[in-house]
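Asker: To be precise about what I am sending: the file is called upload-v8.cif and holds mmCIF, C-alpha atoms.
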data_final
loop_
_atom_site.label_atom_id
_atom_site.label_comp_id
_atom_site.auth_asym_id
_atom_site.auth_seq_id
_atom_site.Cartn_x
_atom_site.Cartn_y
_atom_site.Cartn_z
CA MET R 1 0.00 0.00 0.00
CA PRO R 2 1.59 3.31 -1.04
CA TYR R 3 1.41 6.48 1.06
CA GLU R 4 1.05 9.99 -0.29
CA LEU R 5 3.42 12.62 1.07
CA ARG R 6 3.62 16.31 0.19
CA PRO R 7 6.45 18.86 0.45
CA VAL R 8 6.35 21.16 3.50
CA ALA R 9 9.22 23.28 2.20
CA ARG R 10 11.73 23.54 -0.62
CA VAL R 11 15.49 24.15 -0.71
CA ALA R 12 16.35 27.58 -2.14
CA GLY R 13 19.89 28.71 -2.86
CA GLY R 14 22.90 26.56 -2.14
CA ARG R 15 24.27 24.25 -4.79
CA THR R 16 22.42 23.71 -8.03
CA GLU R 17 24.23 20.52 -9.00
CA VAL R 18 24.60 17.28 -7.04
CA ALA R 19 28.15 16.79 -5.72
CA ASP R 20 29.85 14.15 -3.59
CA ASP R 21 31.89 16.39 -1.32
CA GLY R 22 32.44 19.79 0.24
CA TRP R 23 29.00 20.47 1.76
CA GLY R 24 30.14 21.94 5.07
CA GLU R 25 30.21 25.63 4.09
CA VAL R 26 27.19 25.61 1.79
CA ARG R 27 24.35 27.87 2.90
CA ALA R 28 20.78 27.36 1.76
CA THR R 29 17.28 28.36 2.79
CA LEU R 30 14.32 26.12 3.50
CA GLU R 31 11.29 28.05 2.24
CA LEU R 32 7.96 26.89 3.64
CA ALA R 33 5.28 25.70 1.23
CA PRO R 34 2.38 28.17 0.81
CA GLU R 35 -0.04 26.05 2.89
CA VAL R 36 2.36 25.83 5.88
CA PRO R 37 2.03 28.66 8.42
CA GLY R 38 5.23 30.39 9.56
CA ASP R 39 4.20 29.47 13.10
CA ALA R 40 5.35 25.91 12.42
CA LEU R 41 8.97 27.14 12.85
CA ALA R 42 8.36 28.88 16.20
CA GLY R 43 10.88 27.79 18.83
CA LEU R 44 13.57 26.65 16.38
CA GLU R 45 15.64 29.69 17.39
CA ASP R 46 16.51 27.80 20.60
CA PHE R 47 18.10 24.92 18.69
CA SER R 48 21.47 24.89 16.93
CA HIS R 49 20.71 22.08 14.44
CA VAL R 50 17.87 20.56 12.47
CA GLU R 51 17.35 17.19 10.85
CA VAL R 52 15.79 17.52 7.42
CA VAL R 53 13.90 14.73 5.65
CA ALA R 54 13.80 15.30 1.91
CA LEU R 55 12.92 13.57 -1.32
CA ALA R 56 15.86 13.12 -3.71
CA ASP R 57 13.68 13.95 -6.70
CA ARG R 58 16.61 13.84 -9.15
CA ALA R 59 17.75 10.41 -7.93
CA SER R 60 16.61 6.98 -9.13
CA ASP R 61 14.27 4.83 -7.11
CA VAL R 62 15.25 1.20 -6.38
CA PRO R 63 14.29 -0.55 -8.58
CA PRO R 64 15.29 0.39 -11.32
CA ALA R 65 18.54 1.32 -9.47
CA PRO R 66 20.22 -1.79 -7.98
CA TRP R 67 19.58 -3.23 -4.49
CA ARG R 68 23.32 -3.74 -4.06
CA ARG R 69 26.29 -1.76 -5.36
CA ARG R 70 29.71 -0.36 -4.51
CA PRO R 71 29.31 3.07 -2.83
CA ARG R 72 30.09 5.77 -5.43
CA GLY R 73 31.04 2.93 -7.76
CA ASN R 74 34.46 2.96 -6.12
CA PRO R 75 36.27 -0.32 -6.93
CA ALA R 76 38.29 0.00 -3.68
CA TRP R 77 35.13 -0.34 -1.60
CA PRO R 78 32.96 -3.44 -1.12
CA GLU R 79 29.63 -4.05 -2.81
CA VAL R 80 26.97 -3.59 -0.10
CA GLY R 81 23.18 -3.51 0.03
CA VAL R 82 21.30 -0.26 -0.42
CA PHE R 83 20.38 -0.29 3.31
CA ALA R 84 24.09 -0.46 4.25
CA GLN R 85 24.89 2.79 2.40
CA ARG R 86 23.40 6.29 2.23
CA ASN R 87 23.50 6.55 -1.57
CA LYS R 88 20.70 8.81 -2.87
CA ASP R 89 19.53 6.17 -5.37
CA ARG R 90 17.42 4.12 -2.95
CA PRO R 91 13.90 2.84 -2.36
CA ASN R 92 11.62 5.85 -1.82
CA ARG R 93 14.57 8.22 -2.45
CA LEU R 94 14.38 9.61 1.10
CA LEU R 95 17.31 11.61 2.46
CA VAL R 96 17.98 12.53 6.10
CA SER R 97 20.45 15.38 6.62
CA VAL R 98 21.58 17.31 9.68
CA ALA R 99 22.38 21.01 9.23
CA ARG R 100 23.28 23.95 11.43
CA ILE R 101 20.68 26.66 11.86
CA VAL R 102 22.05 30.05 10.81
CA ARG R 103 18.83 32.00 11.28
CA VAL R 104 15.09 31.54 11.61
CA ALA R 105 13.47 33.94 9.15
CA PRO R 106 9.80 34.62 8.48
CA ARG R 107 8.49 31.47 6.74
CA ALA R 108 12.05 30.26 6.13
CA LEU R 109 15.03 28.68 7.79
CA VAL R 110 18.61 29.54 6.77
CA VAL R 111 20.96 26.59 7.29
CA GLU R 112 24.60 25.66 6.75
CA GLY R 113 26.00 22.27 5.75
CA LEU R 114 22.79 20.88 4.27
CA ASP R 115 23.69 18.37 1.56
CA LEU R 116 20.65 19.02 -0.64
CA VAL R 117 20.57 20.85 -3.96
CA GLU R 118 18.36 23.81 -4.80
CA GLY R 119 14.76 22.87 -5.50
CA THR R 120 14.76 19.67 -3.44
CA PRO R 121 11.34 19.01 -1.85
CA VAL R 122 11.51 18.87 1.96
CA LEU R 123 9.09 16.47 3.66
CA ASP R 124 9.88 17.24 7.31
CA ILE R 125 12.03 19.40 9.58
CA LYS R 126 12.88 18.17 13.08
CA PRO R 127 14.98 19.76 15.84
CA VAL R 128 18.12 17.90 16.98
CA TYR R 129 17.72 17.14 20.68
CA ALA R 130 21.00 16.91 22.61
CA TRP R 131 20.28 13.35 23.78
CA LEU R 132 19.48 11.88 20.36
CA GLY R 133 21.90 9.92 18.26
CA PRO R 134 23.58 6.55 18.57
CA ARG R 135 23.75 5.16 22.10
CA GLY R 136 26.72 2.98 23.02
CA ALA R 137 29.91 2.37 21.07
CA LEU R 138 29.73 3.26 17.39
CA ARG R 139 31.17 0.90 14.80
CA ALA R 140 31.36 1.49 11.05
CA PRO R 141 33.50 0.01 8.26
CA ARG R 142 36.58 1.80 7.00
CA TRP R 143 35.05 2.51 3.57
CA SER R 144 32.39 4.68 5.22
CA ASP R 145 35.08 6.74 6.96
CA GLU R 146 36.98 7.13 3.69
CA LEU R 147 33.76 8.21 1.97
CA GLY R 148 33.21 10.89 4.60
CA ALA R 149 36.73 12.29 4.65
CA ALA R 150 35.92 15.31 2.43
CA TYR R 151 32.13 15.37 2.73
CA TYR R 152 31.83 18.42 4.96
CA MET T 1 2.33 17.69 -5.81
CA PRO T 2 2.12 14.58 -3.60
CA TYR T 3 4.66 11.73 -3.77
CA GLU T 4 3.85 8.06 -3.37
CA LEU T 5 6.03 6.05 -1.01
CA ARG T 6 5.82 2.37 -0.15
CA PRO T 7 7.01 0.37 2.90
CA VAL T 8 10.32 -1.49 2.50
CA ALA T 9 9.93 -3.28 5.85
CA ARG T 10 7.67 -3.49 8.86
CA VAL T 11 8.36 -3.48 12.62
CA ALA T 12 7.68 -6.89 14.21
CA GLY T 13 7.82 -7.52 17.96
CA GLY T 14 8.68 -4.80 20.44
CA ARG T 15 5.97 -2.69 21.98
CA THR T 16 2.41 -2.91 20.74
CA GLU T 17 1.26 0.37 22.26
CA VAL T 18 2.71 3.85 21.82
CA ALA T 19 4.53 5.09 24.94
CA ASP T 20 6.47 8.25 25.79
CA ASP T 21 9.41 6.70 27.63
CA GLY T 22 11.57 3.67 28.31
CA TRP T 23 12.54 2.65 24.76
CA GLY T 24 16.21 1.85 25.42
CA GLU T 25 15.88 -1.88 26.15
CA VAL T 26 13.10 -2.65 23.69
CA ARG T 27 14.04 -5.16 21.00
CA ALA T 28 12.22 -5.42 17.71
CA THR T 29 12.76 -6.83 14.24
CA LEU T 30 12.57 -5.03 10.91
CA GLU T 31 11.12 -7.58 8.49
CA LEU T 32 11.68 -6.80 4.83
CA ALA T 33 8.67 -6.39 2.54
CA PRO T 34 8.17 -9.35 0.14
CA GLU T 35 9.38 -7.39 -2.90
CA VAL T 36 12.68 -6.39 -1.21
CA PRO T 37 15.57 -8.86 -1.66
CA GLY T 38 17.50 -9.88 1.46
CA ASP T 39 20.61 -8.68 -0.37
CA ALA T 40 19.58 -5.10 0.40
CA LEU T 41 20.85 -5.64 3.98
CA ALA T 42 24.27 -7.00 2.95
CA GLY T 43 27.08 -5.17 4.72
CA LEU T 44 25.00 -3.93 7.67
CA GLU T 45 26.85 -6.44 9.88
CA ASP T 46 29.81 -4.02 9.81
CA PHE T 47 27.76 -1.19 11.36
CA SER T 48 26.65 -0.85 14.98
CA HIS T 49 23.65 1.43 14.36
CA VAL T 50 20.98 2.18 11.80
CA GLU T 51 18.77 5.18 11.17
CA VAL T 52 15.21 4.15 10.40
CA VAL T 53 12.70 6.33 8.54
CA ALA T 54 9.15 5.24 9.27
CA LEU T 55 5.56 6.34 8.84
CA ALA T 56 3.70 6.95 12.11
CA ASP T 57 0.55 5.38 10.69
CA ARG T 58 -1.34 5.64 14.01
CA ALA T 59 -0.52 9.35 14.43
CA SER T 60 -2.43 12.36 13.09
CA ASP T 61 -1.24 14.35 10.13
CA VAL T 62 -0.94 18.15 10.43
CA PRO T 63 -3.56 19.40 9.73
CA PRO T 64 -5.89 18.29 11.38
CA ALA T 65 -3.36 18.15 14.29
CA PRO T 66 -2.10 21.66 15.17
CA TRP T 67 0.91 23.42 13.64
CA ARG T 68 1.94 24.59 17.12
CA ARG T 69 1.52 22.95 20.54
CA ARG T 70 3.18 22.27 23.88
CA PRO T 71 5.30 19.08 23.60
CA ARG T 72 3.36 16.23 25.25
CA GLY T 73 0.77 18.84 26.27
CA ASN T 74 3.00 19.59 29.26
CA PRO T 75 2.01 23.00 30.74
CA ALA T 76 5.56 23.44 32.10
CA TRP T 77 6.96 23.53 28.56
CA PRO T 78 6.54 26.27 25.94
CA GLU T 79 4.23 26.09 22.97
CA VAL T 80 6.43 25.57 19.91
CA GLY T 81 5.89 24.90 16.22
CA VAL T 82 5.67 21.37 14.91
CA PHE T 83 9.12 21.73 13.26
CA ALA T 84 10.67 22.62 16.66
CA GLN T 85 9.54 19.34 18.24
CA ARG T 86 9.69 15.65 17.31
CA ASN T 87 6.06 14.91 18.20
CA LYS T 88 4.68 12.07 16.06
CA ASP T 89 1.62 14.11 15.06
CA ARG T 90 3.23 16.11 12.25
CA PRO T 91 2.98 16.87 8.54
CA ASN T 92 3.60 13.62 6.61
CA ARG T 93 3.89 11.70 9.92
CA LEU T 94 7.53 10.80 9.22
CA LEU T 95 9.70 9.49 12.06
CA VAL T 96 13.50 9.19 12.11
CA SER T 97 14.91 6.87 14.79
CA VAL T 98 18.40 5.59 15.52
CA ALA T 99 18.72 2.04 16.89
CA ARG T 100 21.50 -0.38 17.73
CA ILE T 101 21.89 -3.40 15.47
CA VAL T 102 21.67 -6.62 17.47
CA ARG T 103 21.86 -8.99 14.53
CA VAL T 104 21.45 -9.11 10.77
CA ALA T 105 19.15 -12.05 10.03
CA PRO T 106 17.97 -13.42 6.68
CA ARG T 107 15.55 -10.79 5.32
CA ALA T 108 15.37 -9.10 8.74
CA LEU T 109 17.28 -6.84 11.09
CA VAL T 110 17.05 -7.24 14.88
CA VAL T 111 17.50 -3.90 16.66
CA GLU T 112 17.48 -2.47 20.17
CA GLY T 113 16.20 0.94 21.27
CA LEU T 114 13.95 1.57 18.27
CA ASP T 115 11.06 3.81 19.35
CA LEU T 116 8.51 2.38 16.90
CA VAL T 117 5.56 0.12 17.75
CA GLU T 118 4.84 -3.24 16.18
CA GLY T 119 3.36 -3.00 12.71
CA THR T 120 4.85 0.40 11.85
CA PRO T 121 5.67 0.71 8.14
CA VAL T 122 9.37 1.38 7.51
CA LEU T 123 10.20 3.57 4.50
CA ASP T 124 13.99 3.43 4.65
CA ILE T 125 16.94 1.98 6.56
CA LYS T 126 20.30 3.79 6.51
CA PRO T 127 23.60 2.96 8.21
CA VAL T 128 24.95 5.43 10.77
CA TYR T 129 28.36 6.61 9.55
CA ALA T 130 30.77 7.63 12.31
CA TRP T 131 31.19 11.14 10.89
CA LEU T 132 27.50 11.98 10.61
CA GLY T 133 25.56 14.00 13.12
CA PRO T 134 25.59 17.63 14.24
CA ARG T 135 28.84 19.48 13.49
CA GLY T 136 29.89 22.23 15.89
CA ALA T 137 28.48 23.06 19.29
CA LEU T 138 25.02 21.67 19.99
CA ARG T 139 22.38 23.88 21.60
CA ALA T 140 18.87 22.84 22.61
CA PRO T 141 16.31 24.27 25.06
CA ARG T 142 15.90 22.86 28.54
CA TRP T 143 12.44 21.45 27.84
CA SER T 144 13.92 19.12 25.23
CA ASP T 145 16.43 17.77 27.76
CA GLU T 146 13.66 17.24 30.31
CA LEU T 147 11.59 15.46 27.69
CA GLY T 148 14.47 13.10 26.98
CA ALA T 149 15.40 12.28 30.58
CA ALA T 150 13.59 8.91 30.64
CA TYR T 151 13.21 8.29 26.92
CA TYR T 152 15.81 5.54 26.57
#
Please express what this file holds, its structure, as structure tokens.

Answerer:
Amino acid sequence: MPYELRPVARVAGGRTEVADDGWGEVRATLELAPEVPGDALAGLEDFSHVEVVALADRASDVPPAPWRRRPRGNPAWPEVGVFAQRNKDRPNRLLVSVARIVRVAPRALVVEGLDLVEGTPVLDIKPVYAWLGPRGALRAPRWSDELGAAYY
Amino acid sequence: MPYELRPVARVAGGRTEVADDGWGEVRATLELAPEVPGDALAGLEDFSHVEVVALADRASDVPPAPWRRRPRGNPAWPEVGVFAQRNKDRPNRLLVSVARIVRVAPRALVVEGLDLVEGTPVLDIKPVYAWLGPRGALRAPRWSDELGAAYY
């Protein structure tokens, strides 16, 4: 059974082309959709970071994209399932990104370090609570560290 | 323009009723949807944690739920917009949860600390890379710390 979702905001500014690396300094604005009241952002000025759920509308769904591949097609890295990588070509094409809040504006949120290109539909915005995140020791394969070396 | 999304897995086991607190020790299983090959999980055994995107199918969308409210209806906490809280009643009813991987099973993933009730449709599973998460100093209001005190 499919579910229907609608954009609550859209990415304005920032990069216009998808890129692998160098997202840390990029600034962009999340502009609320016309039917969303500006009130929905009230209180975000007390948080430093947001988590943004977006639809990678330029990416490929899976299928037709493969269920298993080498991240970035890099032959030095292992072939892993789509749920063991954060590749944008994935089932439902959902992205989850954490960004720093620069400023809460009327009907808009200016952020830094958001790895989404201009025009991307945003499905949700959530504050980052201090106590969220992985609990206990974190373990990840070396390829994922190598992939992240120049990301931000 | 609405987007159609479909479940890639479903939560089995764990809690059957929604609760505010005490999620840390709860174990549950993400069972892949029939059309998803088990191969999609390959490589997750090298990660300690996953990020799960799910649809809160028992929650209320916004609207009809309000764009602004006190978290948990607690009179001691301020009224804030829906994008400044992680309340499950929200536009698109999307949840993002981080859980510890207990075991990768055939066509299933056993996790601990996932704050989703049995039967919840899962829209995506992503590995937690070590370098993800908020960059720079984290700031959050006191009410969000109080809310989290007994969450896990």

Asker: Please, what distance in Å, to one decimal, runs between atom CA of Glu118 of chain R and atom CA of Arg15 of chain R?

Answerer: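 Pair atom CA of Glu118 of chain R / atom CA of Arg15 of chain R returns 5.9 Å.
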
Asker: Show me, as a PyMOL selection string, the residues of chain T whose atoms get within 6 Å of chain R, using all atoms listed in the file for the distance check.

Answerer: chain T and resi 2-6+39-44+46-48+67-68+80-86+92+125-127+138-141

Asker: Name the residues in contact with Gly13 of chain R at a cut-off of 8 Å, using all atoms listed in the file, excluding same-chain residues fewer than 3 positions from it; report them as a PyMOL selection string.

Answerer: chain R and resi 16+27-29+117-118

Asker: What would the file look like if the residues just selected were written as a CSV table (one decimal), in the coordinates of the input with C-alpha atoms?

Answerer:
chain,number,residue,atom,x,y,z
R,16,THR,CA,22.4,23.7,-8.0
R,27,ARG,CA,24.4,27.9,2.9
R,28,ALA,CA,20.8,27.4,1.8
R,29,THR,CA,17.3,28.4,2.8
R,117,VAL,CA,20.6,20.8,-4.0
R,118,GLU,CA,18.4,23.8,-4.8

Asker: Can you work out the spacing between atom CA of Val11 of chain R and atom CA of Thr120 of chain R in Å, to one decimal?

Answerer: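 Here the two named atoms are 5.3 Å from each other.
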
Asker: So how far away is atom CA of Pro71 of chain R from atom CA of Leu116 of chain T, in Å?

Answerer: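 So the two atoms, atom CA of Leu116 of chain T and atom CA of Pro71 of chain R, lie 28.7 Å apart.
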
Asker: Looking at only C-alpha atoms, which of T:Glu35, T:Asp89, T:Val111, T:Arg72 is the one that sits closest to Ser60 of chain T?

Answerer: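 Of all the options, T:Asp89 lies closest to Ser60 of chain T.
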
Asker: Centre and edge lengths, as JSON, for the axis-aligned box enclosing every listed atom of segment 19-28 of chain T with 3 Å of padding on each of the six sides, in Å to one decimal?

Answerer:
{"center_x": 10.4, "center_y": 1.4, "center_z": 23.0, "size_x": 17.7, "size_y": 19.7, "size_z": 16.6}
